[in-house]
file protein_33.pdb (PDB, C-alpha atoms, pLDDT in the B column)
ATOM      1  CA  MET A   2      -0.470   4.095  47.786  1.00 38.00           C
ATOM      2  CA  LYS A   3       1.837   2.941  45.038  1.00 39.00           C
ATOM      3  CA  LYS A   4       1.035  -0.718  45.784  1.00 40.00           C
ATOM      4  CA  LEU A   5      -2.692   0.062  45.707  1.00 38.00           C
ATOM      5  CA  SER A   6      -2.343   1.757  42.306  1.00 42.00           C
ATOM      6  CA  ILE A   7      -0.482  -1.230  40.884  1.00 39.00           C
ATOM      7  CA  LEU A   8      -3.145  -3.569  42.250  1.00 39.00           C
ATOM      8  CA  LEU A   9      -5.930  -1.418  40.781  1.00 37.00           C
ATOM      9  CA  LEU A  10      -4.251  -1.365  37.375  1.00 38.00           C
ATOM     10  CA  SER A  11      -3.889  -5.143  37.486  1.00 40.00           C
ATOM     11  CA  VAL A  12      -7.589  -5.568  38.283  1.00 39.00           C
ATOM     12  CA  LEU A  13      -8.614  -3.175  35.511  1.00 39.00           C
ATOM     13  CA  SER A  14      -6.331  -4.926  33.041  1.00 38.00           C
ATOM     14  CA  PHE A  15      -7.766  -8.323  33.944  1.00 38.00           C
ATOM     15  CA  SER A  16     -11.311  -6.969  33.657  1.00 38.00           C
ATOM     16  CA  PHE A  17     -10.590  -5.534  30.198  1.00 38.00           C
ATOM     17  CA  ASN A  18      -8.960  -8.706  28.932  1.00 40.00           C
ATOM     18  CA  ALA A  19     -11.772 -10.836  30.314  1.00 40.00           C
ATOM     19  CA  LYS A  20     -14.301  -8.834  28.290  1.00 48.00           C
ATOM     20  CA  ALA A  21     -12.205  -8.662  25.120  1.00 63.00           C
ATOM     21  CA  GLU A  22     -13.741 -10.644  22.292  1.00 82.00           C
ATOM     22  CA  LYS A  23     -11.831 -13.523  20.802  1.00 95.00           C
ATOM     23  CA  ILE A  24     -11.187 -13.359  17.068  1.00 97.00           C
ATOM     24  CA  LYS A  25     -11.700 -16.360  14.816  1.00 98.00           C
ATOM     25  CA  LEU A  26     -10.758 -16.636  11.140  1.00 98.00           C
ATOM     26  CA  ILE A  27     -12.338 -19.214   8.884  1.00 98.00           C
ATOM     27  CA  ILE A  28      -9.927 -19.462   5.962  1.00 98.00           C
ATOM     28  CA  ASP A  29     -11.207 -20.897   2.707  1.00 98.00           C
ATOM     29  CA  ALA A  30      -8.769 -21.933  -0.021  1.00 98.00           C
ATOM     30  CA  ALA A  31     -11.050 -22.110  -3.062  1.00 97.00           C
ATOM     31  CA  HIS A  32     -11.317 -25.158  -5.322  1.00 97.00           C
ATOM     32  CA  GLY A  33      -9.229 -28.266  -4.598  1.00 97.00           C
ATOM     33  CA  GLY A  34      -9.232 -31.936  -5.527  1.00 97.00           C
ATOM     34  CA  LYS A  35     -11.256 -32.627  -8.688  1.00 97.00           C
ATOM     35  CA  ASP A  36     -11.868 -28.855  -9.001  1.00 97.00           C
ATOM     36  CA  ALA A  37      -8.521 -27.268  -9.889  1.00 97.00           C
ATOM     37  CA  GLY A  38     -10.026 -23.908 -10.817  1.00 97.00           C
ATOM     38  CA  ALA A  39      -8.303 -21.696 -13.369  1.00 97.00           C
ATOM     39  CA  LYS A  40      -4.942 -22.698 -14.823  1.00 95.00           C
ATOM     40  CA  ALA A  41      -1.920 -20.605 -15.724  1.00 95.00           C
ATOM     41  CA  ALA A  42      -0.019 -21.089 -18.975  1.00 91.00           C
ATOM     42  CA  ASN A  43       2.715 -22.908 -17.052  1.00 92.00           C
ATOM     43  CA  GLY A  44       0.237 -25.372 -15.531  1.00 93.00           C
ATOM     44  CA  GLU A  45       0.001 -23.691 -12.119  1.00 93.00           C
ATOM     45  CA  THR A  46      -3.533 -24.141 -10.752  1.00 97.00           C
ATOM     46  CA  GLU A  47      -5.781 -21.784  -8.874  1.00 98.00           C
ATOM     47  CA  SER A  48      -6.361 -24.390  -6.168  1.00 98.00           C
ATOM     48  CA  GLN A  49      -2.610 -24.629  -5.441  1.00 97.00           C
ATOM     49  CA  LEU A  50      -2.164 -20.878  -5.142  1.00 98.00           C
ATOM     50  CA  CYS A  51      -5.283 -20.451  -3.019  1.00 98.00           C
ATOM     51  CA  LEU A  52      -3.963 -23.003  -0.541  1.00 98.00           C
ATOM     52  CA  ALA A  53      -0.569 -21.260  -0.415  1.00 98.00           C
ATOM     53  CA  PHE A  54      -2.236 -17.955   0.521  1.00 98.00           C
ATOM     54  CA  ALA A  55      -4.503 -19.701   3.031  1.00 98.00           C
ATOM     55  CA  GLU A  56      -1.525 -21.370   4.716  1.00 98.00           C
ATOM     56  CA  ALA A  57       0.369 -18.073   4.935  1.00 98.00           C
ATOM     57  CA  LEU A  58      -2.650 -16.476   6.607  1.00 98.00           C
ATOM     58  CA  GLN A  59      -3.055 -19.430   8.960  1.00 98.00           C
ATOM     59  CA  GLU A  60       0.548 -19.064  10.114  1.00 98.00           C
ATOM     60  CA  HIS A  61       0.402 -15.302  10.630  1.00 98.00           C
ATOM     61  CA  ALA A  62      -2.987 -15.396  12.358  1.00 98.00           C
ATOM     62  CA  ALA A  63      -1.753 -18.023  14.812  1.00 96.00           C
ATOM     63  CA  LYS A  64       1.191 -15.780  15.707  1.00 96.00           C
ATOM     64  CA  ASN A  65      -1.328 -13.077  16.604  1.00 96.00           C
ATOM     65  CA  ASN A  66      -3.423 -15.302  18.890  1.00 96.00           C
ATOM     66  CA  ILE A  67      -6.252 -15.597  16.385  1.00 98.00           C
ATOM     67  CA  GLU A  68      -8.155 -18.868  16.318  1.00 98.00           C
ATOM     68  CA  VAL A  69      -8.048 -20.385  12.849  1.00 98.00           C
ATOM     69  CA  VAL A  70     -10.327 -22.858  11.081  1.00 98.00           C
ATOM     70  CA  MET A  71      -9.073 -24.089   7.710  1.00 98.00           C
ATOM     71  CA  VAL A  72     -11.790 -25.167   5.279  1.00 98.00           C
ATOM     72  CA  ARG A  73      -9.229 -27.403   3.591  1.00 97.00           C
ATOM     73  CA  THR A  74      -5.594 -28.189   4.373  1.00 97.00           C
ATOM     74  CA  ALA A  75      -4.727 -30.317   1.348  1.00 97.00           C
ATOM     75  CA  ASP A  76      -5.599 -30.772  -2.314  1.00 96.00           C
ATOM     76  CA  GLU A  77      -9.087 -32.033  -1.553  1.00 97.00           C
ATOM     77  CA  TYR A  78     -12.563 -31.237  -2.809  1.00 97.00           C
ATOM     78  CA  VAL A  79     -14.979 -29.464  -0.474  1.00 97.00           C
ATOM     79  CA  SER A  80     -18.472 -28.646  -1.739  1.00 95.00           C
ATOM     80  CA  LEU A  81     -19.722 -25.059  -1.754  1.00 92.00           C
ATOM     81  CA  GLU A  82     -22.435 -25.989   0.734  1.00 92.00           C
ATOM     82  CA  GLN A  83     -19.816 -27.252   3.207  1.00 94.00           C
ATOM     83  CA  ARG A  84     -17.445 -24.320   2.970  1.00 96.00           C
ATOM     84  CA  ASN A  85     -19.303 -21.728   5.019  1.00 95.00           C
ATOM     85  CA  THR A  86     -21.745 -23.055   7.578  1.00 94.00           C
ATOM     86  CA  TYR A  87     -20.376 -20.925  10.425  1.00 96.00           C
ATOM     87  CA  LYS A  88     -22.646 -19.008  12.766  1.00 96.00           C
ATOM     88  CA  PRO A  89     -22.011 -16.136  15.208  1.00 96.00           C
ATOM     89  CA  GLU A  90     -20.773 -17.170  18.659  1.00 96.00           C
ATOM     90  CA  PRO A  91     -21.121 -15.154  21.880  1.00 95.00           C
ATOM     91  CA  GLY A  92     -17.901 -13.348  22.733  1.00 95.00           C
ATOM     92  CA  VAL A  93     -16.278 -14.254  19.403  1.00 97.00           C
ATOM     93  CA  LYS A  94     -15.686 -12.019  16.379  1.00 97.00           C
ATOM     94  CA  SER A  95     -15.640 -14.458  13.479  1.00 98.00           C
ATOM     95  CA  TYR A  96     -14.696 -13.691   9.878  1.00 98.00           C
ATOM     96  CA  PHE A  97     -14.827 -15.803   6.724  1.00 98.00           C
ATOM     97  CA  VAL A  98     -12.031 -15.148   4.217  1.00 98.00           C
ATOM     98  CA  SER A  99     -12.037 -16.979   0.887  1.00 98.00           C
ATOM     99  CA  PHE A 100      -9.028 -16.916  -1.462  1.00 98.00           C
ATOM    100  CA  HIS A 101      -9.567 -17.087  -5.223  1.00 98.00           C
ATOM    101  CA  MET A 102      -7.496 -16.125  -8.263  1.00 97.00           C
ATOM    102  CA  ASN A 103      -8.868 -14.049 -11.116  1.00 96.00           C
ATOM    103  CA  SER A 104      -8.492 -15.173 -14.745  1.00 96.00           C
ATOM    104  CA  GLU A 105      -9.164 -13.685 -18.180  1.00 94.00           C
ATOM    105  CA  ASN A 106      -8.707 -15.018 -21.711  1.00 91.00           C
ATOM    106  CA  THR A 107      -6.983 -11.800 -22.802  1.00 88.00           C
ATOM    107  CA  HIS A 108      -4.037 -12.372 -20.394  1.00 90.00           C
ATOM    108  CA  SER A 109      -3.595  -8.593 -20.069  1.00 92.00           C
ATOM    109  CA  ALA A 110      -5.890  -8.017 -17.087  1.00 93.00           C
ATOM    110  CA  ARG A 111      -4.009  -7.469 -13.817  1.00 94.00           C
ATOM    111  CA  GLY A 112      -4.570  -6.452 -10.219  1.00 94.00           C
ATOM    112  CA  ALA A 113      -6.285  -7.491  -7.023  1.00 96.00           C
ATOM    113  CA  GLN A 114      -9.994  -7.496  -6.252  1.00 97.00           C
ATOM    114  CA  ILE A 115     -11.824  -7.639  -2.931  1.00 98.00           C
ATOM    115  CA  ILE A 116     -15.428  -8.826  -3.000  1.00 98.00           C
ATOM    116  CA  TYR A 117     -18.299  -8.819  -0.534  1.00 97.00           C
ATOM    117  CA  TYR A 118     -22.064  -9.123  -0.945  1.00 97.00           C
ATOM    118  CA  SER A 119     -24.079  -5.993  -0.201  1.00 95.00           C
ATOM    119  CA  LYS A 120     -27.252  -7.921   0.682  1.00 94.00           C
ATOM    120  CA  SER A 121     -25.747 -10.548   2.953  1.00 93.00           C
ATOM    121  CA  PRO A 122     -26.824 -10.707   6.632  1.00 93.00           C
ATOM    122  CA  GLN A 123     -23.452  -9.197   7.633  1.00 95.00           C
ATOM    123  CA  ALA A 124     -23.029  -6.738   4.759  1.00 96.00           C
ATOM    124  CA  GLY A 125     -21.970  -3.788   6.930  1.00 97.00           C
ATOM    125  CA  ALA A 126     -19.190  -5.613   8.745  1.00 97.00           C
ATOM    126  CA  SER A 127     -18.126  -7.328   5.520  1.00 97.00           C
ATOM    127  CA  ARG A 128     -17.861  -3.960   3.771  1.00 98.00           C
ATOM    128  CA  ARG A 129     -15.681  -2.523   6.552  1.00 98.00           C
ATOM    129  CA  VAL A 130     -13.243  -5.420   6.307  1.00 98.00           C
ATOM    130  CA  ALA A 131     -13.266  -5.237   2.493  1.00 98.00           C
ATOM    131  CA  GLU A 132     -12.501  -1.508   2.494  1.00 98.00           C
ATOM    132  CA  LYS A 133      -9.589  -2.004   4.891  1.00 97.00           C
ATOM    133  CA  LEU A 134      -8.240  -4.713   2.633  1.00 98.00           C
ATOM    134  CA  VAL A 135      -8.492  -2.491  -0.447  1.00 97.00           C
ATOM    135  CA  ASN A 136      -6.549   0.254   1.331  1.00 96.00           C
ATOM    136  CA  GLY A 137      -3.923  -2.258   2.377  1.00 95.00           C
ATOM    137  CA  PHE A 138      -3.587  -3.832  -1.068  1.00 95.00           C
ATOM    138  CA  ASN A 139      -3.194  -0.392  -2.632  1.00 93.00           C
ATOM    139  CA  MET A 140      -0.038   0.028  -0.551  1.00 90.00           C
ATOM    140  CA  ILE A 141       1.606  -3.152  -1.848  1.00 86.00           C
ATOM    141  CA  ASN A 142       0.621  -3.270  -5.518  1.00 81.00           C
ATOM    142  CA  ASP A 143       1.363  -0.927  -8.399  1.00 77.00           C
ATOM    143  CA  ILE A 144      -1.932  -0.793 -10.297  1.00 81.00           C
ATOM    144  CA  GLY A 145      -4.661  -0.399  -7.704  1.00 82.00           C
ATOM    145  CA  THR A 146      -7.298  -2.695  -6.253  1.00 94.00           C
ATOM    146  CA  THR A 147     -10.971  -2.926  -7.121  1.00 96.00           C
ATOM    147  CA  LEU A 148     -13.775  -3.313  -4.595  1.00 97.00           C
ATOM    148  CA  SER A 149     -16.987  -5.084  -5.551  1.00 96.00           C
ATOM    149  CA  ASP A 150     -20.175  -5.484  -3.515  1.00 95.00           C
ATOM    150  CA  LYS A 151     -21.779  -7.703  -6.145  1.00 91.00           C
ATOM    151  CA  GLY A 152     -20.306 -10.970  -4.909  1.00 87.00           C
ATOM    152  CA  SER A 153     -22.935 -13.635  -5.474  1.00 82.00           C
ATOM    153  CA  ALA A 154     -20.722 -16.610  -4.637  1.00 92.00           C
ATOM    154  CA  LEU A 155     -22.538 -18.979  -2.305  1.00 92.00           C
ATOM    155  CA  VAL A 156     -19.727 -18.923   0.261  1.00 94.00           C
ATOM    156  CA  ILE A 157     -20.358 -15.240   1.026  1.00 96.00           C
ATOM    157  CA  LYS A 158     -23.912 -14.646  -0.211  1.00 92.00           C
ATOM    158  CA  ASN A 159     -25.689 -16.253   2.729  1.00 89.00           C
ATOM    159  CA  SER A 160     -22.909 -15.949   5.279  1.00 95.00           C
ATOM    160  CA  GLU A 161     -24.046 -15.336   8.848  1.00 96.00           C
ATOM    161  CA  ILE A 162     -20.623 -13.914   9.746  1.00 98.00           C
ATOM    162  CA  PRO A 163     -18.700 -11.124   7.957  1.00 98.00           C
ATOM    163  CA  ALA A 164     -17.300 -12.617   4.748  1.00 98.00           C
ATOM    164  CA  VAL A 165     -15.048 -11.477   1.922  1.00 98.00           C
ATOM    165  CA  ILE A 166     -13.424 -12.980  -1.143  1.00 98.00           C
ATOM    166  CA  ILE A 167      -9.817 -11.991  -1.834  1.00 98.00           C
ATOM    167  CA  GLU A 168      -8.480 -12.294  -5.364  1.00 97.00           C
ATOM    168  CA  PRO A 169      -4.821 -11.183  -5.035  1.00 96.00           C
ATOM    169  CA  GLY A 170      -4.230 -11.168  -8.788  1.00 96.00           C
ATOM    170  CA  TYR A 171      -4.758 -12.782 -12.181  1.00 96.00           C
ATOM    171  CA  ILE A 172      -3.391 -16.268 -12.663  1.00 97.00           C
ATOM    172  CA  SER A 173      -3.758 -15.639 -16.408  1.00 97.00           C
ATOM    173  CA  ASN A 174      -1.281 -12.732 -16.345  1.00 95.00           C
ATOM    174  CA  GLU A 175       2.445 -13.481 -16.307  1.00 95.00           C
ATOM    175  CA  GLN A 176       3.376 -10.491 -14.136  1.00 94.00           C
ATOM    176  CA  ASP A 177       0.657 -11.188 -11.592  1.00 95.00           C
ATOM    177  CA  LEU A 178       1.485 -14.898 -11.546  1.00 96.00           C
ATOM    178  CA  ARG A 179       5.087 -14.188 -10.533  1.00 95.00           C
ATOM    179  CA  LYS A 180       3.788 -12.191  -7.580  1.00 94.00           C
ATOM    180  CA  LEU A 181       1.153 -14.756  -6.656  1.00 96.00           C
ATOM    181  CA  LYS A 182       3.869 -17.416  -6.339  1.00 96.00           C
ATOM    182  CA  ASP A 183       6.085 -15.159  -4.220  1.00 96.00           C
ATOM    183  CA  LYS A 184       6.154 -16.274  -0.561  1.00 97.00           C
ATOM    184  CA  GLY A 185       6.877 -12.697   0.478  1.00 96.00           C
ATOM    185  CA  ILE A 186       3.719 -11.450  -1.239  1.00 95.00           C
ATOM    186  CA  GLN A 187       1.699 -14.240   0.366  1.00 97.00           C
ATOM    187  CA  GLN A 188       2.986 -13.180   3.785  1.00 97.00           C
ATOM    188  CA  GLU A 189       2.224  -9.505   3.092  1.00 97.00           C
ATOM    189  CA  VAL A 190      -1.355 -10.388   2.182  1.00 97.00           C
ATOM    190  CA  ALA A 191      -1.624 -12.425   5.386  1.00 98.00           C
ATOM    191  CA  MET A 192      -0.512  -9.399   7.401  1.00 97.00           C
ATOM    192  CA  LEU A 193      -3.098  -7.207   5.646  1.00 97.00           C
ATOM    193  CA  VAL A 194      -5.901  -9.610   6.530  1.00 98.00           C
ATOM    194  CA  VAL A 195      -4.883  -9.859  10.177  1.00 98.00           C
ATOM    195  CA  LYS A 196      -4.690  -6.075  10.365  1.00 97.00           C
ATOM    196  CA  ALA A 197      -8.138  -5.718   8.766  1.00 98.00           C
ATOM    197  CA  VAL A 198      -9.852  -7.959  11.319  1.00 98.00           C
ATOM    198  CA  THR A 199      -8.019  -6.727  14.406  1.00 96.00           C
ATOM    199  CA  GLU A 200      -8.020  -2.930  14.022  1.00 90.00           C
TER
END
call {"tool": "encode", "arguments": {"input": "protein_33.pdb", "output": "structure tokens"}}
result
Amino acid sequence: MKKLSILLLSVLSFSFNAKAEKIKLIIDAAHGGKDAGAKAANGETESQLCLAFAEALQEHAAKNNIEVVMVRTADEYVSLEQRNTYKPEPGVKSYFVSFHMNSENTHSARGAQIIYYSKSPQAGASRRVAEKLVNGFNMINDIGTTLSDKGSALVIKNSEIPAVIIEPGYISNEQDLRKLKDKGIQQEVAMLVVKAVTE
């Protein structure tokens, strides 16, 4: 009887795993190449920081058996039209995550922002991921995180898979910039994203 129970559990486990959907992350490091994006007072560029966050997420996602597609892996230019052409696949839960850095001329603005587009084809799923990210960011920063559904950026506006833009902070603010360059912060953000798409 004991052997039969073990066999039954093995069969059920195999059946469950066989039906489990694979998760895929398309990770977009904004800007790159001839498009450096915003610049910090010390010369740090938005494109450099976006790639650092994208690479941290790539590493952590791979450790959690998530398939990863990197839109860019170096300081290269990729057009907006080429960045998100991904379509739903049977048996795969795909998500598009785009890293950007905020910037203001006043230099006083701080904090993270999560953006999705409320009229996109996948608005509901995008909102759920965005809300999870806001909750997660609020646990690791000291000034709160804003959520916006007004994202009109082309990379998320017409996305056929759930899509969000993550702006972890302001490159124009000295305090935020120190955090944005911190490898530990980059890894924490990566963990938040993986948690948001897997739970």
call {"tool": "resolve_selection", "arguments": {"input": "protein_33.pdb", "expression": "the PyMOL selection byres ((chain A and resi 96) around 9)", "output": "number ranges by chain"}}
result
A: 24-28, 94-95, 97-98, 127, 162-165, 198
call {"tool": "residues_around", "arguments": {"input": "protein_33.pdb", "residues": "A:Ala30", "least_positions_apart": "6", "cutoff": "7 Å", "atoms": "all atoms listed in the file", "output": "NGL selection string"}}
result
:A and (51-52 or 55 or 72-73 or 99-100)
call {"tool": "atom_distance", "arguments": {"input": "protein_33.pdb", "atom1": "atom CA of A:Ile172", "atom2": "atom CA of A:Ser104"}}
result
5.6 Å
call {"tool": "resolve_selection", "arguments": {"input": "protein_33.pdb", "expression": "the PyMOL selection byres ((chain A and resi 112) around 6)", "output": "count of residues only"}}
result
3
call {"tool": "resolve_selection", "arguments": {"input": "protein_33.pdb", "expression": "the PyMOL selection byres ((chain A and resi 139) around 12)", "output": "number ranges by chain"}}
result
A: 112-115, 132-138, 140-148, 169, 190, 193
call {"tool": "closest_residue", "arguments": {"input": "protein_33.pdb", "among": "A:Ser80, A:Lys23, A:Gln187, A:Lys196", "to": "A:Leu58", "atoms": "only C-alpha atoms"}}
result
A:Gln187
call {"tool": "closest_residue", "arguments": {"input": "protein_33.pdb", "among": "A:Ala197, A:Ala62, A:Ala31, A:Ala42", "to": "A:Asp76", "atoms": "all atoms listed in the file"}}
result
A:Ala31
call {"tool": "decode", "arguments": {"input": "protein_33.pdb", "residues": "stretch 130-141 of chain A", "atoms": "N, CA and C atoms", "output": "JSON list (two decimals), in the first residue's frame"}}
result
[["chain", "number", "residue", "atom", "x", "y", "z"],
["A", 130, "VAL", "N", 0.76, 42.74, -12.25],
["A", 130, "VAL", "CA", 2.21, 42.71, -12.06],
["A", 130, "VAL", "C", 2.69, 44.05, -11.51],
["A", 131, "ALA", "N", 2.17, 45.14, -12.06],
["A", 131, "ALA", "CA", 2.57, 46.48, -11.62],
["A", 131, "ALA", "C", 2.25, 46.71, -10.15],
["A", 132, "GLU", "N", 1.08, 46.27, -9.71],
["A", 132, "GLU", "CA", 0.69, 46.45, -8.31],
["A", 132, "GLU", "C", 1.58, 45.64, -7.38],
["A", 133, "LYS", "N", 1.94, 44.43, -7.79],
["A", 133, "LYS", "CA", 2.86, 43.63, -6.98],
["A", 133, "LYS", "C", 4.22, 44.30, -6.87],
["A", 134, "LEU", "N", 4.65, 44.90, -7.96],
["A", 134, "LEU", "CA", 5.94, 45.59, -7.95],
["A", 134, "LEU", "C", 5.91, 46.81, -7.03],
["A", 135, "VAL", "N", 4.82, 47.56, -7.07],
["A", 135, "VAL", "CA", 4.69, 48.72, -6.19],
["A", 135, "VAL", "C", 4.77, 48.28, -4.73],
["A", 136, "ASN", "N", 4.05, 47.23, -4.38],
["A", 136, "ASN", "CA", 4.09, 46.73, -3.00],
["A", 136, "ASN", "C", 5.50, 46.31, -2.61],
["A", 137, "GLY", "N", 6.19, 45.67, -3.54],
["A", 137, "GLY", "CA", 7.56, 45.24, -3.26],
["A", 137, "GLY", "C", 8.51, 46.41, -3.11],
["A", 138, "PHE", "N", 8.41, 47.38, -4.01],
["A", 138, "PHE", "CA", 9.29, 48.55, -3.94],
["A", 138, "PHE", "C", 9.06, 49.34, -2.65],
["A", 139, "ASN", "N", 7.82, 49.39, -2.19],
["A", 139, "ASN", "CA", 7.52, 50.12, -0.96],
["A", 139, "ASN", "C", 8.20, 49.50, 0.26],
["A", 140, "MET", "N", 8.62, 48.26, 0.13],
["A", 140, "MET", "CA", 9.31, 47.59, 1.24],
["A", 140, "MET", "C", 10.81, 47.86, 1.23],
["A", 141, "ILE", "N", 11.34, 48.33, 0.10],
["A", 141, "ILE", "CA", 12.80, 48.54, 0.03],
["A", 141, "ILE", "C", 13.20, 50.01, -0.14]]
